[in-house]
$ cat input.cif   # mmCIF, C-alpha atoms
data_query
#
loop_
_atom_site.label_atom_id
_atom_site.label_comp_id
_atom_site.auth_asym_id
_atom_site.auth_seq_id
_atom_site.Cartn_x
_atom_site.Cartn_y
_atom_site.Cartn_z
CA MET B 13 45.21 -30.59 14.61
CA ALA B 14 47.02 -27.83 16.40
CA LEU B 15 44.96 -24.67 16.61
CA TYR B 16 47.16 -22.83 19.11
CA LYS B 17 45.32 -19.60 19.92
CA THR B 18 42.07 -17.85 19.06
CA LEU B 19 41.76 -14.15 19.85
CA THR B 20 38.49 -12.28 19.56
CA ILE B 21 39.34 -8.65 18.77
CA SER B 22 35.73 -7.54 18.25
CA ASN B 23 32.41 -8.94 17.08
CA THR B 24 33.70 -8.76 13.52
CA THR B 25 37.45 -9.44 13.82
CA LYS B 26 39.34 -12.54 15.01
CA VAL B 27 42.93 -13.84 15.06
CA PHE B 28 43.80 -17.53 14.73
CA ILE B 29 47.28 -18.99 15.33
CA TRP B 30 48.36 -22.51 14.37
CA LYS B 31 51.32 -24.41 15.81
CA ILE B 32 52.63 -26.77 13.15
CA GLU B 33 53.18 -30.20 14.69
CA GLU B 34 51.74 -32.42 11.95
CA THR B 35 53.21 -34.22 8.98
CA ILE B 36 52.43 -33.00 5.47
CA ALA B 37 50.15 -36.02 4.99
CA GLU B 38 48.21 -35.15 8.15
CA LEU B 39 47.85 -31.52 7.10
CA LYS B 40 46.47 -32.57 3.71
CA GLN B 41 43.55 -34.28 5.40
CA GLY B 42 40.27 -32.40 5.57
CA ILE B 43 41.13 -29.64 3.09
CA SER B 44 40.90 -29.25 -0.67
CA LEU B 45 43.08 -27.10 -2.88
CA THR B 46 42.40 -25.47 -6.21
CA GLU B 47 44.30 -26.90 -9.16
CA SER B 48 46.64 -23.90 -9.26
CA ASN B 49 47.36 -24.15 -5.54
CA GLU B 50 47.99 -27.89 -5.82
CA ALA B 51 50.68 -26.98 -8.36
CA ARG B 52 51.96 -24.20 -6.11
CA LEU B 53 52.25 -26.61 -3.18
CA ALA B 54 54.08 -29.18 -5.32
CA SER B 55 56.58 -26.53 -6.41
CA MET B 56 57.58 -25.67 -2.82
CA LYS B 57 61.02 -27.03 -2.07
CA SER B 58 60.94 -27.14 1.74
CA ASP B 59 58.69 -29.13 4.06
CA ILE B 60 58.24 -26.14 6.38
CA HIS B 61 56.83 -24.01 3.53
CA GLN B 62 54.46 -26.79 2.50
CA LYS B 63 53.31 -27.25 6.09
CA GLY B 64 52.81 -23.51 6.49
CA PHE B 65 50.78 -23.34 3.29
CA LEU B 66 48.57 -26.26 4.34
CA SER B 67 48.08 -25.12 7.93
CA ILE B 68 46.83 -21.74 6.66
CA ARG B 69 44.08 -23.67 4.83
CA HIS B 70 43.04 -25.21 8.15
CA LEU B 71 42.88 -21.73 9.68
CA LEU B 72 40.64 -20.63 6.79
CA LYS B 73 38.21 -23.36 7.82
CA GLU B 74 37.93 -21.72 11.26
CA VAL B 75 36.11 -18.79 9.61
CA GLY B 76 34.16 -20.88 7.13
CA LEU B 77 36.47 -20.26 4.18
CA THR B 78 38.18 -22.57 1.72
CA ASP B 79 41.32 -22.35 -0.38
CA ALA B 80 39.19 -21.20 -3.32
CA ASP B 81 37.98 -18.14 -1.40
CA LEU B 82 41.50 -16.69 -1.27
CA ILE B 83 42.45 -14.50 -4.22
CA TYR B 84 45.83 -12.78 -4.58
CA ASP B 85 46.12 -9.42 -6.35
CA GLU B 86 48.99 -8.27 -8.57
CA HIS B 87 50.97 -7.19 -5.50
CA GLY B 88 50.60 -10.59 -3.82
CA LYS B 89 48.08 -9.37 -1.26
CA PRO B 90 45.45 -11.95 -0.26
CA ASN B 91 41.87 -10.80 -0.74
CA LEU B 92 38.40 -12.13 -0.07
CA THR B 93 35.05 -11.39 -1.68
CA ASN B 94 31.86 -9.97 -0.12
CA GLY B 95 33.38 -7.23 2.01
CA ARG B 96 35.60 -9.51 4.07
CA PHE B 97 39.26 -8.90 4.85
CA ILE B 98 42.16 -11.22 5.68
CA SER B 99 45.90 -11.19 6.32
CA ILE B 100 48.23 -14.19 6.56
CA THR B 101 51.60 -14.88 8.22
CA HIS B 102 54.03 -17.79 8.55
CA SER B 103 57.19 -18.03 10.66
CA PHE B 104 58.97 -21.34 11.24
CA GLY B 105 56.54 -23.52 13.25
CA PHE B 106 53.68 -21.03 13.50
CA THR B 107 51.14 -19.64 11.08
CA GLY B 108 48.40 -17.11 11.67
CA ILE B 109 45.51 -15.26 10.09
CA ILE B 110 43.50 -12.20 11.05
CA PHE B 111 39.99 -12.09 9.59
CA SER B 112 37.51 -9.23 9.64
CA TYR B 113 34.07 -8.37 8.30
CA GLU B 114 34.73 -4.73 9.14
CA SER B 115 37.97 -3.29 7.82
CA GLU B 116 41.43 -3.93 6.41
CA VAL B 117 43.67 -5.96 8.73
CA GLY B 118 47.31 -7.09 8.87
CA ILE B 119 49.22 -9.70 10.86
CA ASP B 120 52.85 -10.78 11.32
CA ILE B 121 54.52 -13.51 13.38
CA GLU B 122 58.27 -13.22 13.93
CA LYS B 123 60.82 -15.35 15.75
CA GLN B 124 62.69 -13.27 18.35
CA ARG B 125 66.32 -13.25 17.18
CA ASP B 126 69.51 -11.22 17.72
CA LYS B 127 69.55 -10.61 13.96
CA ILE B 128 67.01 -7.82 14.39
CA LEU B 129 69.65 -5.67 16.12
CA LYS B 130 71.68 -5.60 12.89
CA ILE B 131 68.80 -4.48 10.69
CA ALA B 132 66.98 -2.19 13.16
CA HIS B 133 68.42 0.98 11.59
CA LYS B 134 66.70 0.08 8.32
CA PHE B 135 63.19 0.21 9.77
CA THR B 136 63.18 2.44 12.88
CA PRO B 137 65.15 5.35 14.41
CA VAL B 138 67.30 3.23 16.75
CA GLU B 139 68.07 6.15 19.10
CA GLU B 140 64.47 5.87 20.33
CA TYR B 141 65.42 2.61 22.04
CA LYS B 142 68.87 3.49 23.39
CA THR B 143 67.43 3.66 26.93
CA ILE B 144 66.60 -0.06 26.90
CA ALA B 145 69.60 -1.65 28.62
CA ASN B 146 68.23 -5.20 28.79
CA HIS B 147 69.29 -7.17 25.70
CA ASP B 148 66.23 -9.43 25.58
CA ALA B 149 63.86 -6.50 26.17
CA LEU B 150 65.45 -4.61 23.27
CA ILE B 151 65.05 -7.57 20.92
CA SER B 152 61.46 -7.96 22.10
CA LYS B 153 60.64 -4.29 21.51
CA LEU B 154 62.28 -4.12 18.10
CA THR B 155 60.49 -7.31 17.03
CA ILE B 156 57.15 -5.76 17.99
CA VAL B 157 57.99 -2.58 16.05
CA TRP B 158 59.03 -4.63 13.00
CA GLY B 159 55.88 -6.78 13.24
CA GLY B 160 53.72 -3.68 13.53
CA LYS B 161 55.29 -2.13 10.46
CA GLU B 162 55.02 -5.40 8.54
CA SER B 163 51.32 -5.63 9.47
CA LEU B 164 50.68 -2.08 8.22
CA TYR B 165 52.66 -2.78 5.05
CA LYS B 166 50.38 -5.77 4.42
CA ILE B 167 47.28 -3.61 4.92
CA TYR B 168 48.51 -1.04 2.39
CA GLY B 169 49.29 -3.88 0.03
CA LYS B 170 51.52 -2.07 -2.45
CA LYS B 171 55.29 -2.10 -2.85
CA LYS B 172 55.90 1.65 -2.57
CA LEU B 173 55.90 2.03 1.23
CA ARG B 174 59.22 2.42 3.05
CA PHE B 175 59.34 1.15 6.63
CA LEU B 176 61.55 4.01 7.79
CA GLU B 177 59.86 6.93 6.05
CA ASN B 178 56.20 5.94 5.64
CA ILE B 179 55.25 3.66 8.55
CA TYR B 180 55.28 4.79 12.18
CA ILE B 181 54.70 2.90 15.41
CA ASP B 182 53.98 4.97 18.53
CA ASP B 183 56.09 4.09 21.58
CA PHE B 184 54.52 1.67 24.06
CA ASN B 185 54.96 -0.25 27.29
CA PHE B 186 55.01 -4.05 27.09
CA SER B 187 52.20 -4.20 29.64
CA ASP B 188 49.90 -2.20 27.34
CA GLU B 189 49.89 -5.00 24.75
CA LYS B 190 48.81 -2.40 22.18
CA THR B 191 49.82 0.87 20.56
CA THR B 192 48.98 2.97 17.49
CA GLY B 193 50.51 2.68 14.03
CA LYS B 194 50.30 5.16 11.18
CA ILE B 195 50.82 5.03 7.45
CA ARG B 196 51.90 8.37 6.01
CA TYR B 197 52.08 8.37 2.25
CA ASP B 198 51.25 10.68 -0.62
CA GLY B 199 50.02 13.44 1.71
CA GLU B 200 47.64 11.20 3.62
CA GLU B 201 47.82 9.69 7.11
CA THR B 202 45.86 6.67 8.29
CA SER B 203 45.93 5.35 11.87
CA TYR B 204 45.44 1.77 13.07
CA THR B 205 45.39 -0.05 16.38
CA ILE B 206 48.42 -2.31 16.81
CA GLU B 207 48.19 -5.23 19.27
CA PHE B 208 50.88 -7.73 20.18
CA LEU B 209 51.56 -10.89 22.18
CA GLU B 210 54.57 -13.15 22.77
CA PHE B 211 54.73 -16.94 23.03
CA GLU B 212 57.46 -19.60 22.87
CA GLY B 213 60.10 -17.15 21.63
CA PHE B 214 57.83 -15.68 18.95
CA THR B 215 56.03 -12.36 18.63
CA CYS B 216 52.66 -11.92 16.96
CA VAL B 217 51.60 -8.39 16.00
CA PHE B 218 48.38 -7.45 14.27
CA ALA B 219 46.85 -4.23 12.99
CA HIS B 220 43.19 -3.35 12.62
#
$ encode --input "input.cif" --output "structure tokens"
Amino acid sequence: MALYKTLTISNTTKVFIWKIEETIAELKQGISLTESNEARLASMKSDIHQKGFLSIRHLLKEVGLTDADLIYDEHGKPNLTNGRFISITHSFGFTGIIFSYESEVGIDIEKQRDKILKIAHKFTPVEEYKTIANHDALISKLTIVWGGKESLYKIYGKKKLRFLENIYIDDFNFSDEKTTGKIRYDGEETSYTIEFLEFEGFTCVFAH
């Protein structure tokens, strides 16, 4: 089974990334699903979604959790009991979770693609990045910003946030591998640490 990366953020917070290389039958081995999630899996039309769903259950095992421990609220946010926190992501051949005993967390994996240049104006003031002449570096930076905002959106867990108006990512150097993100909504501001890494044409960003 393809556990790809394990990152220890602190004594109470870890990130796990899975590279999907197995068949659906192989991924079904060693895990059990609740009756409702068996039905959910069966309803998924594409193999890649089924594999992503199953590989997440293997990542849950890495922190001693099962499929039954995961509860989704009315906004679709995954929750755990007993003061534990989790966030989940799936992009093509990779899945990931961030797990914490300490505080709310968020994670996002994105494939680095030219497409992000077309939608950048919807989630960030593009003029901030006009000085980046290198095409690949611009895609890389925008993907990190998007992933950071997506991670914060997952932490907040409600549909009201707007990426452009309510979620901010401080500028950063690639070599820093981290920055600060802020949620500003309803007169309140909350800050989080944003960390990022790149691998095999993908970007993983997580907030804690």
$ closest_atom_pairs --input "input.cif" --of "segment 114-164 of chain B" --to "segment 23-26 of chain B" --cutoff "12 Å" --atoms "all atoms listed in the file" --output "Markdown table"
| residue | atom | partner | partner_atom | distance |
| --- | --- | --- | --- | --- |
| B:Glu114 | CA | B:Thr24 | CA | 6.0 |
| B:Ser115 | CA | B:Thr25 | CA | 8.6 |
| B:Glu116 | CA | B:Thr25 | CA | 10.1 |
| B:Val117 | CA | B:Thr25 | CA | 8.8 |
| B:Gly118 | CA | B:Thr25 | CA | 11.3 |
| B:Ile119 | CA | B:Lys26 | CA | 11.1 |
$ resolve_selection --input "input.cif" --expression "the PyMOL selection byres ((chain B and resi 46) around 10)" --output "PDB file with C-alpha atoms, in the coordinates of the input"
ATOM      1  CA  SER B  44      40.900 -29.250  -0.670  1.00  0.00           C
ATOM      2  CA  LEU B  45      43.080 -27.100  -2.880  1.00  0.00           C
ATOM      3  CA  GLU B  47      44.300 -26.900  -9.160  1.00  0.00           C
ATOM      4  CA  SER B  48      46.640 -23.900  -9.260  1.00  0.00           C
ATOM      5  CA  ASN B  49      47.360 -24.150  -5.540  1.00  0.00           C
ATOM      6  CA  GLU B  50      47.990 -27.890  -5.820  1.00  0.00           C
ATOM      7  CA  ALA B  51      50.680 -26.980  -8.360  1.00  0.00           C
ATOM      8  CA  ARG B  52      51.960 -24.200  -6.110  1.00  0.00           C
ATOM      9  CA  THR B  78      38.180 -22.570   1.720  1.00  0.00           C
ATOM     10  CA  ASP B  79      41.320 -22.350  -0.380  1.00  0.00           C
ATOM     11  CA  ALA B  80      39.190 -21.200  -3.320  1.00  0.00           C
ATOM     12  CA  ASP B  81      37.980 -18.140  -1.400  1.00  0.00           C
TER      13      ASP B  81
END
$ resolve_selection --input "input.cif" --expression "the PyMOL selection byres ((chain B and resi 125) around 10)" --output "PyMOL selection string"
chain B and resi 122-124+126-129+148+151-152+155+213-214
$ residues_around --input "input.cif" --residues "His70 of chain B" --least-positions-apart "5" --cutoff "9 Å" --atoms "all atoms listed in the file" --output "list in words"
Met13, Leu15, Trp30, Leu39, Gly42, Ile43 and Thr78 of chain B
$ atom_distance --input "input.cif" --atom1 "atom CA of Val217 of chain B" --atom2 "atom CA of Glu162 of chain B"
8.7 Å
$ resolve_selection --input "input.cif" --expression "the PyMOL selection byres ((chain B and resi 219) around 10)" --output "list in words"
Ser99, Ile110, Glu116, Val117, Gly118, Ile119, Asp120, Gly159, Gly160, Lys161, Glu162, Ser163, Leu164, Tyr165, Lys166, Ile167, Lys190, Thr191, Thr192, Gly193, Ser203, Tyr204, Thr205, Ile206, Glu207, Phe208, Val217, Phe218 and His220 of chain B
$ closest_residue --input "input.cif" --among "B:Gly105, B:Pro137, B:Gly95, B:Gly64" --to "Asp182 of chain B" --atoms "all atoms listed in the file"
B:Pro137
$ atom_distance --input "input.cif" --atom1 "atom CA of Tyr168 of chain B" --atom2 "atom CA of Phe106 of chain B"
23.4 Å
